[in-house]
Amino acid sequence: MTGAVDVHARVLDARAPADRERIDRLRADPAVEVLDTLAQQRDGLAALIPAPGAAVLDEPPRWIHYPWRRALVALLGPHGYRRLRLDRNRHKITADEQERLGALTIAVVGSSAGYAVAQQLALEGVCGRLRLADFDHLEATNLNRVAAGVLELGLNKAVVAARRVAELDPYLPVRAYPEGATPAGLDALLDGVDILVEECDALEMKVLLREHARARGIPVLMATSDRGLLDVERFDSEPRRPVLHGVLGGVDGARLAGLSAADKVPYVLRILDAARLSARGAASLLEVGHSIGTWPQLAGDVAAGAAAVAAAVRRIGTGRPLPSGRIRIDIDDALDGLALDGPASSDRARAGRTAGGAGAVCGAEATSADPGEAEPPANPAAAVAFAAARAPSGGNAQPWLMDVGAGGLTLRPDPNASVTMDLHGRGSAVALGAALFNARAAAAAHGILGPVTIDGGTGGADAAGLRVHLRFGGSAGIGGGDGDGDVAVLAASYRAVLRRETNRNTGRPRDLGAEAEAGLRAAACGEGGGLHLLTGRGPIAAAARVLAAADRTRYLDPRLHAEMIAELCEPGPDGVPPTGIDVRSLGLTDAALAVLDVVRRTDVMDALAQWDVGAALGEDTRTRILSGSALAVVTCPGRSAADHVRGGAATEAVWVCAEALGLSVHPMSPVFLYAQDRDDYPVLSRERADALRHLHRAFDGIVGLAADHPPALVLRLSHDAAPARVRSRRRAPDTAGAAR
């Protein structure tokens with residue numbers, strides 16, 4: 001079926017000889033069902049208040065032939081039928097308003113949600129002509145919201161909708177466009193249209209339809225099936241209004257048509273206003289392609305949207321006020337305010353849905369310094385503190401308290417910076433070790449490198465009493481490594497320490513090479529740590545699956561999710577972000593950035609957790625790991641807090657070495673990283689403790705980790721990654737005593 005098609009029942013008038021002959025033939029055909037309730041219809045018409053005039057009462061009846069139903073129906077004439085059928089509209093719609101609305105020509109593009117809209121408009125009699133466009137055909141999956149039946153499966157949706165309208169009102173002209181809305185056919189589709197209802201899926205067509213409607217001064221209405229969103233664009237009174245309220249940033253339909261599906265995602269999310277989607281709707285958005293095949297819709301939501309569109313049509317058609325804009329008519333939200341003890345308490349009981357701060361789509365992160373910060377101070381002691389403050393830490397928490405003076409630098413854990421994943425302060429100890437490596441490099445470069453002592457962290461695993469002190473003056477190592485090491489090499493790494501950064505961009509896998517692997521292992525061993533390298537694609541893929549599953553847990557556990565959200569920050573009014581992980585540093589595509597408003601929401605995560613789904617939450621982690629050349633697991637020489645300090649120093653040494661080899665480095669450490677005993681897992685997540693323990697065991701098996709050499713950090717090493725765009729800011733170290 002091609003081109004526009006007038007889809008209607010055949011109206012037969014017995015006064016016309018040809019029609020009389022056809023009526024007789026149809027009535028005699030045993031395959032045709034004949035329905036004649038004309039007497040009851042006439043009685044109903046005569047009983048109306050006020051009684052219709054003689055012209056309506058005496059109007060000759062018609063016979064309506066529905067060939068697709070093989071049915072013949074006796075019906076009042078067009079004026080009498082409309083008067084009788086719409087009588088119950090009064091006085092909500094006055095007779096004069098009904099007349100005005102009955103003169104409207106309305107086009108509906110898209111016949112899934114649009115099917116309900118067309119039915120609603122026809123039911124209320126608020127249009128005089130309908131144009132229905134859809135290229136798609138009715139499938140069984142449409143029957144949860146499209147009020148059709150199995151007898152119509154495989155038929156064009158616009159034709160099915162037109163037939164249903166004809167069965168309701170055979171006198172209402174309906175034209176179907178089985179090819180849908182096409183760029184070449186938009187002039188014919190919109191010519192003479194008073195109101196356009198847009199319910200199609202294609203993003204570029206949404207924009208093209210509005211561009212053409214704006215050029216003709218046609219108002220556009222759109223309803224979505226989530227939280228009752230109604231969108232109104234009054235191009236009839238605002239001919240210069242940007243399409244879709246300007247949320248697409250001026251991108252036109254022609255440009256959108258050339259984008260890939262992935263590149264269209266940010267624009268779709270802006271149209272949907274993703275931050276205000278229902279929790280289940282937003283959660284479902286993340287699950288498309290994983291636990292569900294496409295975006296879910298409910299018949300009730302579709303029907304509510306159709307009712308909202310009809311109300312907007314009534315306002316436009318009768319000249320009542322209706323500005324451009326968006327409104328949500330959320331039935332579920334209204335029901336949240338329902339109370340047993342009366343309407344007044346209902347209002348008091350209403351509770352809004354809450355959302356967290358900026359969201360994340362990556363796993364546990366460590367972050368480096370802002371390249372826009374000042375050069376290191378000239379004072380040697382202050383320069384040491386400056387370098388120490390540029391060490392990586394989980395979530396850029398900078399979990400250290402720093403005392404610096406002429407005699408040396410002391411580092412201790414900051415209990416206020418500890419989070420759930422920092423079990424027994426092990427993560428903080430690793431961060432202190434990285435800061436110590438940086439401080440030693442700066443001290444060596446300034447000729448003031450002295451010995452290191454670690455107090456309070458050698459007898460147990462808890463880092464609460466840990467103190468790490470670097471004395472200024474001579475040269476010595478931190479113990480557990482190779483003595484004082486090569487001071488010249490350490491000094492030479494000073495500038496590399498200051499340049500070190502986290503690069504979260506994806507790369508292209510390549511072979512590290514034996515020489516690079518040996519150099520990385522030597523860097524770890526030189527600081528008393530160890531290194532396990534995964535370079536084969538099979539082991540990397542296996543580890544990626546485990547770490548992706550662990551990140552899913554981080555999203556779905558309320559406390560872990562809240563702490564992850566709190567790590568992220570965006571530039572403030574002055575353009576400068578607070579300390580934390582700058583969202584601009586995440587290396588996200590536009591599509592992934594557009595999802596931030598969804599994944600940050602606690603209600604969305606609660607829904608995914610309740611359904612026990614959310615595989616998509618770890619997909620970004622898996623993709624990034626698979627793009628790397630290797631996964632490096634730096635290990636500690638033992639289980640004590642002091643050993644974790646050494647593991648942190650080894651991590652920083654490996655990081656600096658990797659960048660010297662031309663590799664990009666991105667920490668990908670999982671939730672279970674610092675769990676060492678069975679009792680640690682319930683601390684991380686009571687509901688998911690067993691799952692985390694099994695994931696941890698699987699990861700240890702893939703990497704070959706030993707219990708007495710726990711991991712300090714997991715690093716993704718990549719070739720050919722694009723340069724990092726920005727680096728997260730740091731707190732300025734307290735160097736007030738540095739000149740003493």
# chains A, B, ... in the order shown; residues from 1 in each chain; ligands from 1
>>> residues_around(residues="His469 of chain A", least_positions_apart="6", cutoff="10 Å", atoms="only C-alpha atoms", output="list in words")
Met402, Asp403, Val404, Gly408, Leu409, Thr410, Leu411, Arg412, Leu436, Gly450, Pro451, Val452, Thr453, Ile454, Asp455 and Ile478 of chain A
>>> residues_around(residues="Leu172 of chain A", least_positions_apart="5", cutoff="7 Å", atoms="only C-alpha atoms", output="list in words")
Gly128, Arg129 and Ala166 of chain A
>>> closest_atom_pairs(of="segment 616-651 of chain A", to="segment 534-551 of chain A", cutoff="10 Å", atoms="only C-alpha atoms", output="tab-separated table")
residue	atom	partner	partner_atom	distance
A:Ala616	CA	A:Ala548	CA	8.9
A:Leu617	CA	A:Asp551	CA	7.1
A:Gly618	CA	A:Ala548	CA	4.1
A:Glu619	CA	A:Ala548	CA	6.3
A:Asp620	CA	A:Ala548	CA	7.8
A:Thr621	CA	A:Ala548	CA	5.5
A:Arg622	CA	A:Ala544	CA	4.8
A:Thr623	CA	A:Ala544	CA	7.9
A:Arg624	CA	A:Ala544	CA	8.6
A:Ile625	CA	A:Ala544	CA	5.8
A:Leu626	CA	A:Ala541	CA	6.3
A:Ser627	CA	A:Ile540	CA	9.7
A:Gly628	CA	A:Ile540	CA	8.7
A:Ser629	CA	A:Thr535	CA	6.4
A:Ala630	CA	A:Thr535	CA	4.6
A:Leu631	CA	A:Leu534	CA	5.0
A:Ala632	CA	A:Leu534	CA	6.4
A:Val633	CA	A:Leu534	CA	8.2
>>> residues_around(residues="segment 316-329 of chain A", least_positions_apart="6", cutoff="8 Å", atoms="only C-alpha atoms", output="mmCIF file with C-alpha atoms, in the first residue's frame")
data_model
loop_
_atom_site.group_PDB
_atom_site.id
_atom_site.type_symbol
_atom_site.label_atom_id
_atom_site.label_comp_id
_atom_site.auth_asym_id
_atom_site.auth_seq_id
_atom_site.Cartn_x
_atom_site.Cartn_y
_atom_site.Cartn_z
ATOM 1 C CA GLU A 97 -17.394 24.732 21.017
ATOM 2 C CA ARG A 100 -15.726 24.808 16.268
ATOM 3 C CA LEU A 101 -13.775 21.705 17.245
ATOM 4 C CA LEU A 104 -10.374 21.068 12.905
ATOM 5 C CA ARG A 227 5.176 10.515 34.137
ATOM 6 C CA GLY A 228 2.520 12.069 31.919
ATOM 7 C CA LEU A 229 4.692 14.534 30.029
ATOM 8 C CA LEU A 230 2.745 16.814 27.675
ATOM 9 C CA ASP A 231 4.775 19.024 25.339
ATOM 10 C CA VAL A 232 3.180 22.077 23.688
ATOM 11 C CA GLU A 233 4.778 24.238 20.970
ATOM 12 C CA ARG A 234 2.578 27.120 19.811
ATOM 13 C CA HIS A 245 12.047 24.483 23.181
#
>>> select_by_dssp(residues="segment 185-401 of chain A", states="strand (DSSP E or B)", output="PyMOL selection string")
chain A and resi 195-198+220-223+229-233+288+292+325-328+366+394+400-401
>>> write_last_selection(atoms="N, CA and C atoms", output="CSV table (one decimal), in the first residue's frame")
chain,number,residue,atom,x,y,z
A,195,ILE,N,-3.7,21.3,13.6
A,195,ILE,CA,-2.9,20.9,14.8
A,195,ILE,C,-2.1,19.6,14.4
A,196,LEU,N,-0.8,19.6,14.8
A,196,LEU,CA,0.0,18.4,14.6
A,196,LEU,C,0.2,17.7,15.9
A,197,VAL,N,0.0,16.4,16.0
A,197,VAL,CA,0.3,15.6,17.2
A,197,VAL,C,1.4,14.7,16.7
A,198,GLU,N,2.6,14.9,17.3
A,198,GLU,CA,3.8,14.1,16.9
A,198,GLU,C,4.1,13.0,18.0
A,220,VAL,N,2.2,22.2,17.7
A,220,VAL,CA,2.6,20.8,17.8
A,220,VAL,C,2.4,20.4,19.2
A,221,LEU,N,1.8,19.2,19.4
A,221,LEU,CA,1.6,18.6,20.7
A,221,LEU,C,2.3,17.2,20.7
A,222,MET,N,2.8,16.8,21.8
A,222,MET,CA,3.5,15.5,22.0
A,222,MET,C,3.2,15.1,23.4
A,223,ALA,N,2.9,13.8,23.6
A,223,ALA,CA,2.7,13.2,24.9
A,223,ALA,C,3.7,12.0,25.0
A,229,LEU,N,4.2,13.3,30.6
A,229,LEU,CA,4.7,14.5,30.0
A,229,LEU,C,3.9,15.0,28.8
A,230,LEU,N,3.4,16.2,28.8
A,230,LEU,CA,2.7,16.8,27.7
A,230,LEU,C,3.6,18.0,27.2
A,231,ASP,N,3.9,18.0,25.9
A,231,ASP,CA,4.8,19.0,25.3
A,231,ASP,C,3.9,19.8,24.4
A,232,VAL,N,4.0,21.2,24.5
A,232,VAL,CA,3.2,22.1,23.7
A,232,VAL,C,4.1,23.1,23.0
A,233,GLU,N,4.0,23.2,21.7
A,233,GLU,CA,4.8,24.2,21.0
A,233,GLU,C,3.8,25.0,20.1
A,288,VAL,N,17.7,-1.3,28.4
A,288,VAL,CA,17.4,-1.6,27.0
A,288,VAL,C,18.6,-2.3,26.4
A,292,ILE,N,15.8,-6.1,28.8
A,292,ILE,CA,14.6,-5.8,27.9
A,292,ILE,C,15.1,-5.4,26.6
A,325,GLY,N,5.2,25.1,26.2
A,325,GLY,CA,5.9,24.6,27.4
A,325,GLY,C,5.7,23.1,27.6
A,326,ARG,N,6.0,22.7,28.8
A,326,ARG,CA,5.9,21.3,29.2
A,326,ARG,C,5.3,21.1,30.6
A,327,ILE,N,4.5,20.1,30.7
A,327,ILE,CA,3.9,19.8,32.0
A,327,ILE,C,3.8,18.3,32.2
A,328,ARG,N,3.9,17.9,33.5
A,328,ARG,CA,3.8,16.5,33.8
A,328,ARG,C,2.5,16.3,34.6
A,366,ALA,N,41.0,6.9,40.7
A,366,ALA,CA,42.0,7.8,41.4
A,366,ALA,C,42.2,8.9,40.4
A,394,GLY,N,41.7,7.2,45.9
A,394,GLY,CA,40.4,6.8,45.5
A,394,GLY,C,39.4,8.0,45.6
A,400,TRP,N,44.7,12.4,53.5
A,400,TRP,CA,45.9,12.5,54.3
A,400,TRP,C,45.8,13.9,55.0
A,401,LEU,N,46.4,13.9,56.2
A,401,LEU,CA,46.7,15.1,56.9
A,401,LEU,C,48.2,15.3,56.9
>>> residues_around(residues="Val159 of chain A", least_positions_apart="4", cutoff="12 Å", atoms="only C-alpha atoms", output="ChimeraX atom specification")
/A:1-2,4-8,68,110-112,115,118,130-138,148,152-155,163-166,174-180
>>> select_by_dssp(residues="segment 37-92 of chain A", states="alpha helix (DSSP H)", output="list in words")
Leu38, Ala39, Gln40, Gln41, Arg42, Asp43, Gly44, Leu45, Ala46, Ala54, Ala55, Val56, Leu57, Pro78, His79, Gly80, Tyr81, Arg82, Arg83, Leu84 and Arg85 of chain A
>>> atom_distance(atom1="atom CA of Ala14 of chain A", atom2="atom CA of Leu38 of chain A")
13.9 Å
>>> atom_distance(atom1="atom CA of Val32 of chain A", atom2="atom CA of Gly77 of chain A")
21.6 Å
>>> residues_around(residues="segment 418-422 of chain A", least_positions_apart="2", cutoff="10 Å", atoms="only C-alpha atoms", output="PyMOL selection string")
chain A and resi 364+394-395+397-400+413-416+424-430+554+559-560+563-564+670-675+680-681+683-685
>>> atom_distance(atom1="atom CA of Glu687 of chain A", atom2="atom CA of His561 of chain A")
13.7 Å
>>> closest_residue(among="A:Val656, A:Leu57, A:Ala31, A:Ala441", to="Pro380 of chain A", atoms="only C-alpha atoms")
A:Ala441
